[in-house]
Amino acid sequence: MKHSLQSLLLILFFCISIPQTFAQSIQSPEQFLGYPLGSRFTPHHRILAYFEHLASSARDRVKFSQYGETYEHRPLTTAILSSPENMSRLEEIRTNNLKITGLMEGSPASDAKAIVWLSYNVHGNESVSSEAVMQTAYELLTSPKATAWLQNTVVILDPCINPDGRERYVNWYNQVVGEKPNVSPYAREHYEPSPTGRPNHYLFDLNRDWAWQSQKETQQRIALYQQWMPHIHADFHEMGVNSPYYFAPAAEPYHKEVTTWQRDFQVTIGKNHAKYFDQNNWLYFTKETFDLLYPSYGDTWPTFHGAIGMTYEQGGSGRAGLGIIMANGDTLTLKDRIDHHHVVGLSTVEATALNREKVVQEFKKYFDINNNNPTGTYKTFVISADNETNKVSELLAYLDKQQIRYGYAKGIPAKLSGYNYFTNKEENISLQKNDIIINTYQPKSTLVKVLFNPRTILSDSVTYDATAWAIPYSYGLKAFALSQKIEIEPFKGVVSQTSRPNIDRPYTYLAKWKSFKDLQFLVKLLNKGIKVRFAEKEFSLQNKKYDAGTLAITRTDNEFVKDFDNIVASVASEFNLPLDYASTGFANAGFDIGSSSMRFLKKPNIALLTGDGVQTNAFGELWHFFDQQLGYPANVINANTVNNIRLSDFDVMILPAGSYNAGLISQLRSWVQQGGRLIVLEEANFQFADNENFELKKAKIEQPKDEKEKKNLEEYLRKYGDRERTALSDYIATSIFKVAMDNTHPLGYGYDKEYYSLRQIAEGFEYLKSGWNVGVIKENAYIDGFTGYKAKQKLKNTLVFGVSEIGRGTVVHLVDNPIFRSSWANGRLLLGNAIFFVGQ
Ligand SMILES: [Zn+2]
């Protein structure tokens, strides 16, 4: 928008006479930085320097501190702004608020302050946010009107949630912009190359990570968030250049856990913003596009913590640069974008400050209900003691991060019935002593319900993100949901499973293969130069039964390893594994340790492809998996430089979702034939389907001829007004399906006969004719999430995980993503099977 549309707000916030004492000590962003905001992008360290300046020139009203750092070692910070009186008792205000939630013991004082948390630049290339926050902070400290708000409000500003992404964008833009920005939408500076600045270092979308906390930035921020529990949280974003501005109230679907008050106050805040936008004749929209369902956003996760959680979207994003011509012929400048986000930031604080009493009162009511009288059908979730100990302990570590309380049952009721996640039925249930109990009578009640409820209840609206995520499925844990409250007693901590052998120099060590920790154990041994074998089939040794996939670490393979026994024992204890050992290789049943069925595992050299055409997030998830979760770095190679490398140097090559050139795909066929092990994920499988060099085929649904004609005629008469809904019949919004597993194949080792998979692709693939169909969708496999009726039909009797054998090599097809957003804990072992076992 043009400069001539100067805002009334500038009159409102800027031109009110600023008291001399403030003006002398506190510099505006322009005075401090030496250029007007909006005339160039400010580097991250200069943004932080400005906040340091504010903190040092208004010591009694600003506290600026670092709460963490990014993967690229940039500081993560917050600035807390309030009145001198509030700042002098900040710790009391914070703890008082935690007492209101019940996260801290004690009775809260009645004069609680409102807490507003504003988060900027979670998407790094939505670059206006971290510019606007400087102006917002300055106004909050210098405008008398804002000074009055701070008397009953504490404002927490996170100037940049994703500095690594923002610097990726800003550095690139500065390199390509000329002396003056080129506002032509065709100019190079409006086409950001991949990877864009949107995601973080590992190319994760941090605005999909709140619930899963897979990334360092999220973990550190949420730890701090939970020390404050703000009443209002707003997340500042940008969208397409030609969309003007979006603010609350949000679009449907809302999750059913969103309360009436939360809906209502979104409208109050939205109307307050609208007042300023109307005065300035700025365009905006509400109630469209941005819904409140998936729990991992910067609006929903705070909403499920009692806050009014909101997304604000300015038009612009990575395309807009310092200026760009919009469809209506006007130029959108960075300055315009700053003005809008700035006004909305202030208006959020204003609306909260004006309604402080009600905001605090409703917040208290929310937690009173959560703690004493929670809503919802299910009051207790039970994680069965029958589950693998290490899988349960991973879940408990996750619950700890979320501050979700759990324990053992206090007295076990005799008769219970509940929903069994694995049989998908209501049935009679008897509790066991060591079952983990999570009831909904706790501060995190809403989050517990959102994460554990077996079904996501969707209002009849369109959403384009995942619509199913129930934790028992993502962790692969036998669990029940009960409508009755079970009281808990404290959890005694994870029992140590590791013990040292009571014989000297065992013939072999044996480790089971059931959880991600077993995979981490294997990888750590390989990294330490220990040689490992794995069992192709089940066997018995010294009267103990071992499943396929069991690891054998024999003395003879490792005879030259110094300190062999200590290394194996210490790595096992690091992952809390119950390590077995035997003094003989002679099996009671099945094969002996020396048999060729106890296969030697060659430490694989791995190539992971990236580059143009490869989906950024899909690659990032794999990169993070190898680098941060396994500690087994893969060789990251650009798909367009594969021609320059000697393929025979690699044992395993991984193709994340993406499109690859046909030449590369036929080149890979001969590498596979000579023993290469190829792993193809998600959409990348489409390029292998119906390709004469490979076995995979897309499933075809043949309709009877006359029904087809009838259908077609009906489809001609579809209504324009229903077009979104009609398109949905073919659509799948990331849903859960039950996959039947062949756990006798190495790709299925460690799993039961069923695996719950997150489905994103609406097309199906036929069963492999000569390969191994390790995971398939059969009849009635749909569990939860939005899946159109045609999509459900198409997926029946199709392949999800399969292995083709070509020459001496293998191609593993993983149609579903086993590590989606690093949220699907139970898929990691499957990926480990594909990498370390298949084709060995
Ligand atoms: Zn965004």
# chains A, B, ... in the order shown; residues from 1 in each chain; ligands from 1
$ residues_around --residues "Leu647 in chain A" --least-positions-apart "4" --cutoff "10 Å" --atoms "only C-alpha atoms" --output "list in words"
Ala607, Val642, Asn643, Asp651, Val652, Met653, Gln667, Leu668, Ser670, Trp671, Val672 and Gly676 of chain A
$ residues_around --residues "Val177 in chain A" --least-positions-apart "2" --cutoff "12 Å" --atoms "only C-alpha atoms" --output "list in words"
Arg40, Phe41, Val170, Asn171, Trp172, Tyr173, Asn174, Gln175, Glu179, Lys180, Pro181, Asn182, Val183, Ala187, Arg188, Glu189, His190, Tyr191, Glu192, Ala320, Gly321, Leu322 and Gly323 of chain A
$ atom_distance --atom1 "CA of Gly124 in chain A" --atom2 "CA of Gly197 in chain A"
4.8 Å
$ closest_residue --among "A:Trp469, A:Tyr475, A:Phe586, A:Tyr756" --to "Phe516 in chain A" --atoms "only C-alpha atoms"
A:Tyr475
$ residues_around --residues "Gln840 in chain A" --least-positions-apart "2" --cutoff "12 Å" --atoms "only C-alpha atoms" --output "PyMOL selection string"
chain A and resi 533-536+596-604+651-652+675-677+746-747+805+808-810+833-838
$ closest_atom_pairs --of "chain A" --to "ligand 1" --cutoff "10 Å" --atoms "only C-alpha atoms and all ligand atoms" --output "CSV"
residue,atom,partner,partner_atom_place_in_ligand_line,distance
A:Tyr120,CA,ligand 1,1 (Zn),9.7
A:Asn121,CA,ligand 1,1 (Zn),7.6
A:Val122,CA,ligand 1,1 (Zn),6.7
A:His123,CA,ligand 1,1 (Zn),5.0
A:Gly124,CA,ligand 1,1 (Zn),8.3
A:Asn125,CA,ligand 1,1 (Zn),8.4
A:Glu126,CA,ligand 1,1 (Zn),6.3
A:Ser127,CA,ligand 1,1 (Zn),9.7
A:Arg198,CA,ligand 1,1 (Zn),7.6
A:Pro199,CA,ligand 1,1 (Zn),9.7
A:Asp205,CA,ligand 1,1 (Zn),9.1
A:Leu206,CA,ligand 1,1 (Zn),9.4
A:Asn207,CA,ligand 1,1 (Zn),7.4
A:Asp235,CA,ligand 1,1 (Zn),8.5
A:Phe236,CA,ligand 1,1 (Zn),7.2
A:His237,CA,ligand 1,1 (Zn),4.1
A:Glu238,CA,ligand 1,1 (Zn),5.2
A:Met239,CA,ligand 1,1 (Zn),6.6
A:Gly298,CA,ligand 1,1 (Zn),9.9
A:Thr311,CA,ligand 1,1 (Zn),8.6
A:Tyr312,CA,ligand 1,1 (Zn),8.7
A:Glu313,CA,ligand 1,1 (Zn),7.2
A:Gln314,CA,ligand 1,1 (Zn),9.2
A:Ser317,CA,ligand 1,1 (Zn),7.9
$ select_by_dssp --residues "range 224-268 of chain A" --states "strand (DSSP E or B)" --output "VMD selection string"
chain A and resid 232 to 239 245 to 246 251 to 254
$ closest_residue --among "A:Asp164, A:Asp435, A:Asp547, A:Asp730" --to "Arg74 in chain A" --atoms "only C-alpha atoms"
A:Asp164
$ residues_around --residues "Asn558 in chain A" --least-positions-apart "4" --cutoff "8 Å" --atoms "only C-alpha atoms" --output "PDB file with C-alpha atoms, in the first residue's frame"
ATOM      1  CA  ILE A 530      31.257 -53.095  17.085  1.00  0.00           C
ATOM      2  CA  LYS A 531      30.111 -55.792  14.664  1.00  0.00           C
ATOM      3  CA  ILE A 553      26.832 -59.204  19.292  1.00  0.00           C
ATOM      4  CA  THR A 554      29.288 -62.080  19.325  1.00  0.00           C
ATOM      5  CA  PHE A 564      34.386 -54.986  24.113  1.00  0.00           C
TER       6      PHE A 564
END
$ closest_residue --among "A:Thr77, A:Thr508, A:Ser82, A:Gln220" --to "Asp60 in chain A" --atoms "only C-alpha atoms"
A:Ser82
$ select_by_dssp --residues "range 26-121 of chain A" --states "helix (DSSP H, G or I)" --output "VMD selection string"
chain A and resid 29 to 33 44 to 57 84 to 88 90 to 101
$ write_last_selection --atoms "N, CA and C atoms" --output "mmCIF file, in the first residue's frame"
data_model
loop_
_atom_site.group_PDB
_atom_site.id
_atom_site.type_symbol
_atom_site.label_atom_id
_atom_site.label_comp_id
_atom_site.auth_asym_id
_atom_site.auth_seq_id
_atom_site.Cartn_x
_atom_site.Cartn_y
_atom_site.Cartn_z
ATOM 1 N N PRO A 29 13.272 2.885 16.781
ATOM 2 C CA PRO A 29 14.063 1.973 15.944
ATOM 3 C C PRO A 29 14.891 2.741 14.906
ATOM 4 N N GLU A 30 14.308 3.762 14.316
ATOM 5 C CA GLU A 30 15.035 4.524 13.289
ATOM 6 C C GLU A 30 16.263 5.221 13.874
ATOM 7 N N GLN A 31 16.075 5.858 15.052
ATOM 8 C CA GLN A 31 17.219 6.537 15.676
ATOM 9 C C GLN A 31 18.311 5.525 16.028
ATOM 10 N N PHE A 32 17.879 4.382 16.521
ATOM 11 C CA PHE A 32 18.877 3.399 16.962
ATOM 12 C C PHE A 32 19.584 2.739 15.779
ATOM 13 N N LEU A 33 18.790 2.347 14.765
ATOM 14 C CA LEU A 33 19.363 1.571 13.659
ATOM 15 C C LEU A 33 20.043 2.464 12.621
ATOM 16 N N HIS A 44 19.277 -10.104 12.293
ATOM 17 C CA HIS A 44 18.795 -10.597 13.583
ATOM 18 C C HIS A 44 19.567 -10.008 14.763
ATOM 19 N N HIS A 45 20.885 -9.939 14.659
ATOM 20 C CA HIS A 45 21.655 -9.453 15.812
ATOM 21 C C HIS A 45 21.365 -7.982 16.093
ATOM 22 N N ARG A 46 20.984 -7.216 15.056
ATOM 23 C CA ARG A 46 20.648 -5.801 15.273
ATOM 24 C C ARG A 46 19.262 -5.679 15.935
ATOM 25 N N ILE A 47 18.377 -6.595 15.608
ATOM 26 C CA ILE A 47 17.058 -6.597 16.276
ATOM 27 C C ILE A 47 17.263 -6.819 17.773
ATOM 28 N N LEU A 48 18.118 -7.802 18.079
ATOM 29 C CA LEU A 48 18.383 -8.089 19.495
ATOM 30 C C LEU A 48 19.085 -6.897 20.150
ATOM 31 N N ALA A 49 19.982 -6.240 19.397
ATOM 32 C CA ALA A 49 20.688 -5.073 19.953
ATOM 33 C C ALA A 49 19.687 -3.976 20.297
ATOM 34 N N TYR A 50 18.650 -3.818 19.476
ATOM 35 C CA TYR A 50 17.640 -2.800 19.778
ATOM 36 C C TYR A 50 16.912 -3.133 21.085
ATOM 37 N N PHE A 51 16.608 -4.406 21.270
ATOM 38 C CA PHE A 51 15.936 -4.785 22.526
ATOM 39 C C PHE A 51 16.868 -4.605 23.733
ATOM 40 N N GLU A 52 18.145 -4.845 23.514
ATOM 41 C CA GLU A 52 19.100 -4.584 24.600
ATOM 42 C C GLU A 52 19.101 -3.102 24.943
ATOM 43 N N HIS A 53 19.020 -2.290 23.891
ATOM 44 C CA HIS A 53 18.961 -0.837 24.104
ATOM 45 C C HIS A 53 17.711 -0.470 24.917
ATOM 46 N N LEU A 54 16.570 -1.048 24.549
ATOM 47 C CA LEU A 54 15.331 -0.750 25.289
ATOM 48 C C LEU A 54 15.478 -1.174 26.754
ATOM 49 N N ALA A 55 16.071 -2.349 26.943
ATOM 50 C CA ALA A 55 16.202 -2.863 28.311
ATOM 51 C C ALA A 55 17.135 -1.989 29.134
ATOM 52 N N SER A 56 18.178 -1.456 28.486
ATOM 53 C CA SER A 56 19.115 -0.659 29.281
ATOM 54 C C SER A 56 18.614 0.776 29.471
ATOM 55 N N SER A 57 17.752 1.266 28.559
ATOM 56 C CA SER A 57 17.282 2.639 28.746
ATOM 57 C C SER A 57 15.935 2.698 29.479
ATOM 58 N N PRO A 84 6.495 -0.165 35.870
ATOM 59 C CA PRO A 84 7.554 -0.351 36.876
ATOM 60 C C PRO A 84 7.041 -1.129 38.089
ATOM 61 N N GLU A 85 5.822 -0.842 38.489
ATOM 62 C CA GLU A 85 5.271 -1.525 39.659
ATOM 63 C C GLU A 85 5.146 -3.035 39.411
ATOM 64 N N ASN A 86 4.610 -3.390 38.231
ATOM 65 C CA ASN A 86 4.495 -4.825 37.899
ATOM 66 C C ASN A 86 5.861 -5.480 37.754
ATOM 67 N N MET A 87 6.789 -4.735 37.160
ATOM 68 C CA MET A 87 8.109 -5.329 36.930
ATOM 69 C C MET A 87 8.815 -5.620 38.260
ATOM 70 N N SER A 88 8.520 -4.795 39.273
ATOM 71 C CA SER A 88 9.187 -5.020 40.555
ATOM 72 C C SER A 88 8.637 -6.274 41.247
ATOM 73 N N LEU A 90 7.453 -9.027 39.301
ATOM 74 C CA LEU A 90 7.203 -9.878 38.133
ATOM 75 C C LEU A 90 7.110 -11.371 38.499
ATOM 76 N N GLU A 91 8.017 -11.797 39.355
ATOM 77 C CA GLU A 91 8.039 -13.202 39.741
ATOM 78 C C GLU A 91 6.744 -13.576 40.475
ATOM 79 N N GLU A 92 6.246 -12.643 41.271
ATOM 80 C CA GLU A 92 4.986 -12.878 41.989
ATOM 81 C C GLU A 92 3.817 -12.994 40.993
ATOM 82 N N ILE A 93 3.836 -12.124 39.975
ATOM 83 C CA ILE A 93 2.765 -12.173 38.956
ATOM 84 C C ILE A 93 2.808 -13.511 38.217
ATOM 85 N N ARG A 94 4.021 -13.928 37.889
ATOM 86 C CA ARG A 94 4.184 -15.188 37.151
ATOM 87 C C ARG A 94 3.713 -16.376 38.000
ATOM 88 N N THR A 95 4.171 -16.457 39.220
ATOM 89 C CA THR A 95 3.810 -17.620 40.039
ATOM 90 C C THR A 95 2.319 -17.584 40.401
ATOM 91 N N ASN A 96 1.805 -16.386 40.580
ATOM 92 C CA ASN A 96 0.374 -16.271 40.864
ATOM 93 C C ASN A 96 -0.443 -16.863 39.714
ATOM 94 N N ASN A 97 0.006 -16.553 38.501
ATOM 95 C CA ASN A 97 -0.720 -17.077 37.327
ATOM 96 C C ASN A 97 -0.610 -18.596 37.249
ATOM 97 N N LEU A 98 0.557 -19.133 37.598
ATOM 98 C CA LEU A 98 0.710 -20.601 37.577
ATOM 99 C C LEU A 98 -0.182 -21.247 38.645
ATOM 100 N N LYS A 99 -0.379 -20.524 39.748
ATOM 101 C CA LYS A 99 -1.284 -21.053 40.781
ATOM 102 C C LYS A 99 -2.725 -21.077 40.264
ATOM 103 N N ILE A 100 -3.070 -20.085 39.463
ATOM 104 C CA ILE A 100 -4.422 -20.084 38.868
ATOM 105 C C ILE A 100 -4.631 -21.334 38.015
ATOM 106 N N THR A 101 -3.592 -21.730 37.287
ATOM 107 C CA THR A 101 -3.740 -22.894 36.397
ATOM 108 C C THR A 101 -3.706 -24.207 37.165
#
$ atom_distance --atom1 "CA of Asn152 in chain A" --atom2 "CA of Asn370 in chain A"
25.6 Å
$ atom_distance --atom1 "CA of Ser445 in chain A" --atom2 "CA of Thr375 in chain A"
8.9 Å
$ residues_around --residues "Asn640 in chain A" --least-positions-apart "4" --cutoff "10 Å" --atoms "only C-alpha atoms" --output "short mmCIF file (atom, residue, chain, number, x, y, z; two decimals) with N, CA and C atoms, in the first residue's frame"
data_model
loop_
_atom_site.label_atom_id
_atom_site.label_comp_id
_atom_site.auth_asym_id
_atom_site.auth_seq_id
_atom_site.Cartn_x
_atom_site.Cartn_y
_atom_site.Cartn_z
N LEU A 609 19.14 -37.97 -0.75
CA LEU A 609 19.06 -36.96 -1.82
C LEU A 609 18.27 -35.73 -1.40
N THR A 610 18.72 -34.61 -1.91
CA THR A 610 18.01 -33.35 -1.68
C THR A 610 18.10 -32.52 -2.96
N GLY A 611 17.73 -31.26 -2.86
CA GLY A 611 17.88 -30.36 -4.02
C GLY A 611 16.56 -30.04 -4.68
N ASP A 612 16.63 -29.38 -5.85
CA ASP A 612 15.43 -28.96 -6.56
C ASP A 612 14.52 -30.15 -6.81
N GLY A 613 13.25 -29.96 -6.56
CA GLY A 613 12.28 -31.02 -6.83
C GLY A 613 12.02 -31.89 -5.61
N ASN A 644 27.75 -37.18 -10.84
CA ASN A 644 29.18 -36.98 -10.58
C ASN A 644 29.74 -37.95 -9.56
N TYR A 660 11.94 -36.51 -9.40
CA TYR A 660 13.33 -36.74 -9.81
C TYR A 660 13.34 -36.92 -11.32
N ASN A 661 14.48 -36.59 -11.95
CA ASN A 661 14.43 -36.74 -13.41
C ASN A 661 14.52 -38.20 -13.84
N LEU A 664 17.82 -40.10 -13.92
CA LEU A 664 18.33 -40.55 -12.63
C LEU A 664 17.66 -41.87 -12.23
#
$ residues_around --residues "Glu683 in chain A" --least-positions-apart "2" --cutoff "9 Å" --atoms "only C-alpha atoms" --output "number ranges by chain"
A: 656-659, 680-681, 685-687, 761, 815-816
$ write_last_selection --atoms "all heavy atoms" --output "JSON list (two decimals), in the first residue's frame"
[["chain", "number", "residue", "atom", "x", "y", "z"],
["A", 656, "PRO", "N", 13.61, -38.92, -0.72],
["A", 656, "PRO", "CA", 12.44, -38.37, -0.02],
["A", 656, "PRO", "C", 11.36, -37.98, -1.03],
["A", 656, "PRO", "O", 11.64, -37.92, -2.24],
["A", 656, "PRO", "CB", 12.99, -37.11, 0.66],
["A", 656, "PRO", "CG", 14.47, -37.15, 0.51],
["A", 656, "PRO", "CD", 14.77, -38.04, -0.65],
["A", 657, "ALA", "N", 10.16, -37.66, -0.54],
["A", 657, "ALA", "CA", 9.08, -37.21, -1.42],
["A", 657, "ALA", "C", 9.61, -36.12, -2.33],
["A", 657, "ALA", "O", 10.35, -35.25, -1.90],
["A", 657, "ALA", "CB", 7.93, -36.67, -0.57],
["A", 658, "GLY", "N", 9.23, -36.19, -3.59],
["A", 658, "GLY", "CA", 9.71, -35.18, -4.53],
["A", 658, "GLY", "C", 9.66, -35.73, -5.93],
["A", 658, "GLY", "O", 9.21, -36.86, -6.15],
["A", 659, "SER", "N", 10.09, -34.92, -6.90],
["A", 659, "SER", "CA", 10.14, -35.46, -8.26],
["A", 659, "SER", "C", 11.59, -35.45, -8.72],
["A", 659, "SER", "O", 12.35, -34.53, -8.41],
["A", 659, "SER", "CB", 9.24, -34.65, -9.19],
["A", 659, "SER", "OG", 9.69, -33.33, -9.25],
["A", 680, "VAL", "N", 12.41, -45.51, -1.28],
["A", 680, "VAL", "CA", 11.64, -44.47, -1.95],
["A", 680, "VAL", "C", 10.46, -44.11, -1.06],
["A", 680, "VAL", "O", 9.69, -44.97, -0.66],
["A", 680, "VAL", "CB", 11.12, -44.98, -3.32],
["A", 680, "VAL", "CG1", 10.44, -43.86, -4.08],
["A", 680, "VAL", "CG2", 12.27, -45.57, -4.14],
["A", 681, "LEU", "N", 10.31, -42.82, -0.77],
["A", 681, "LEU", "CA", 9.26, -42.40, 0.16],
["A", 681, "LEU", "C", 8.15, -41.59, -0.50],
["A", 681, "LEU", "O", 8.41, -40.78, -1.40],
["A", 681, "LEU", "CB", 9.86, -41.57, 1.29],
["A", 681, "LEU", "CG", 10.65, -42.38, 2.32],
["A", 681, "LEU", "CD1", 12.11, -42.03, 2.27],
["A", 681, "LEU", "CD2", 10.09, -42.17, 3.71],
["A", 685, "ASN", "N", 7.27, -42.28, -4.99],
["A", 685, "ASN", "CA", 6.87, -43.59, -5.54],
["A", 685, "ASN", "C", 6.12, -43.47, -6.86],
["A", 685, "ASN", "O", 6.12, -44.40, -7.66],
["A", 685, "ASN", "CB", 6.04, -44.35, -4.51],
["A", 685, "ASN", "CG", 6.91, -44.95, -3.42],
["A", 685, "ASN", "OD1", 7.74, -45.81, -3.69],
["A", 685, "ASN", "ND2", 6.75, -44.47, -2.20],
["A", 686, "PHE", "N", 5.46, -42.32, -7.08],
["A", 686, "PHE", "CA", 4.71, -42.17, -8.33],
["A", 686, "PHE", "C", 5.62, -42.32, -9.55],
["A", 686, "PHE", "O", 5.21, -42.79, -10.59],
["A", 686, "PHE", "CB", 3.99, -40.82, -8.38],
["A", 686, "PHE", "CG", 2.76, -40.80, -7.52],
["A", 686, "PHE", "CD1", 2.67, -39.97, -6.41],
["A", 686, "PHE", "CD2", 1.68, -41.63, -7.81],
["A", 686, "PHE", "CE1", 1.54, -39.96, -5.61],
["A", 686, "PHE", "CE2", 0.54, -41.64, -7.02],
["A", 686, "PHE", "CZ", 0.47, -40.80, -5.91],
["A", 687, "GLN", "N", 6.88, -41.90, -9.40],
["A", 687, "GLN", "CA", 7.77, -41.98, -10.55],
["A", 687, "GLN", "C", 8.29, -43.38, -10.82],
["A", 687, "GLN", "O", 8.83, -43.65, -11.87],
["A", 687, "GLN", "CB", 8.92, -41.01, -10.36],
["A", 687, "GLN", "CG", 8.44, -39.61, -10.67],
["A", 687, "GLN", "CD", 9.52, -38.64, -10.42],
["A", 687, "GLN", "OE1", 9.77, -38.30, -9.27],
["A", 687, "GLN", "NE2", 10.19, -38.22, -11.46],
["A", 761, "ILE", "N", -1.55, -39.78, 1.01],
["A", 761, "ILE", "CA", -1.75, -39.87, -0.43],
["A", 761, "ILE", "C", -3.09, -40.56, -0.72],
["A", 761, "ILE", "O", -3.34, -41.66, -0.22],
["A", 761, "ILE", "CB", -0.59, -40.65, -1.08],
["A", 761, "ILE", "CG1", 0.73, -39.91, -0.82],
["A", 761, "ILE", "CG2", -0.83, -40.86, -2.56],
["A", 761, "ILE", "CD1", 1.96, -40.63, -1.34],
["A", 815, "VAL", "N", 5.10, -45.90, 1.03],
["A", 815, "VAL", "CA", 4.11, -44.96, 0.48],
["A", 815, "VAL", "C", 3.67, -43.97, 1.56],
["A", 815, "VAL", "O", 3.46, -42.80, 1.29],
["A", 815, "VAL", "CB", 2.90, -45.73, -0.10],
["A", 815, "VAL", "CG1", 1.85, -44.77, -0.62],
["A", 815, "VAL", "CG2", 3.37, -46.69, -1.21],
["A", 816, "ASP", "N", 3.56, -44.43, 2.79],
["A", 816, "ASP", "CA", 3.26, -43.52, 3.90],
["A", 816, "ASP", "C", 4.58, -43.08, 4.53],
["A", 816, "ASP", "O", 5.54, -43.84, 4.56],
["A", 816, "ASP", "CB", 2.41, -44.21, 4.97],
["A", 816, "ASP", "CG", 0.98, -44.44, 4.50],
["A", 816, "ASP", "OD1", 0.64, -44.02, 3.37],
["A", 816, "ASP", "OD2", 0.20, -45.05, 5.27]]
$ residues_around --residues "Arg500 in chain A" --least-positions-apart "3" --cutoff "9 Å" --atoms "only C-alpha atoms" --output "count of residues only"
3
$ closest_residue --among "A:Phe626, A:Phe304, A:Tyr246, A:Phe381" --to "Ala211 in chain A" --atoms "only C-alpha atoms"
A:Phe304
$ closest_atom_pairs --of "range 479-566 of chain A" --to "range 403-408 of chain A" --cutoff "9 Å" --atoms "only C-alpha atoms" --output "CSV"
residue,atom,partner,partner_atom,distance
A:Glu487,CA,A:Tyr408,CA,8.3
A:Ile488,CA,A:Gly407,CA,5.3
A:Glu489,CA,A:Tyr408,CA,5.3
A:Pro490,CA,A:Gly407,CA,5.0
A:Phe491,CA,A:Gly407,CA,4.4
A:Lys492,CA,A:Gly407,CA,8.1
$ write_last_selection --atoms "N, CA, C and O atoms" --output "PDB file, in the first residue's frame"
ATOM      1  N   GLU A 487      -8.373 -42.485  39.923  1.00  0.00           N
ATOM      2  CA  GLU A 487      -7.429 -41.673  40.699  1.00  0.00           C
ATOM      3  C   GLU A 487      -6.021 -42.223  40.497  1.00  0.00           C
ATOM      4  O   GLU A 487      -5.841 -43.437  40.323  1.00  0.00           O
ATOM      5  N   ILE A 488      -5.045 -41.330  40.579  1.00  0.00           N
ATOM      6  CA  ILE A 488      -3.671 -41.818  40.391  1.00  0.00           C
ATOM      7  C   ILE A 488      -2.833 -41.648  41.645  1.00  0.00           C
ATOM      8  O   ILE A 488      -3.081 -40.784  42.474  1.00  0.00           O
ATOM      9  N   GLU A 489      -1.837 -42.498  41.741  1.00  0.00           N
ATOM     10  CA  GLU A 489      -0.816 -42.294  42.769  1.00  0.00           C
ATOM     11  C   GLU A 489       0.514 -42.122  42.036  1.00  0.00           C
ATOM     12  O   GLU A 489       0.656 -42.527  40.881  1.00  0.00           O
ATOM     13  N   PRO A 490       1.493 -41.508  42.704  1.00  0.00           N
ATOM     14  CA  PRO A 490       2.695 -41.091  41.986  1.00  0.00           C
ATOM     15  C   PRO A 490       3.404 -42.228  41.258  1.00  0.00           C
ATOM     16  O   PRO A 490       3.453 -43.362  41.738  1.00  0.00           O
ATOM     17  N   PHE A 491       3.938 -41.878  40.139  1.00  0.00           N
ATOM     18  CA  PHE A 491       4.724 -42.787  39.319  1.00  0.00           C
ATOM     19  C   PHE A 491       6.107 -42.916  39.946  1.00  0.00           C
ATOM     20  O   PHE A 491       6.687 -41.928  40.384  1.00  0.00           O
ATOM     21  N   LYS A 492       6.618 -44.134  39.987  1.00  0.00           N
ATOM     22  CA  LYS A 492       7.874 -44.332  40.717  1.00  0.00           C
ATOM     23  C   LYS A 492       9.120 -44.186  39.842  1.00  0.00           C
ATOM     24  O   LYS A 492      10.219 -44.419  40.288  1.00  0.00           O
TER      25      LYS A 492
END
$ closest_residue --among "A:Lys256, A:Arg828, A:Arg356, A:Lys528" --to "Gly748 in chain A" --atoms "only C-alpha atoms"
A:Arg828
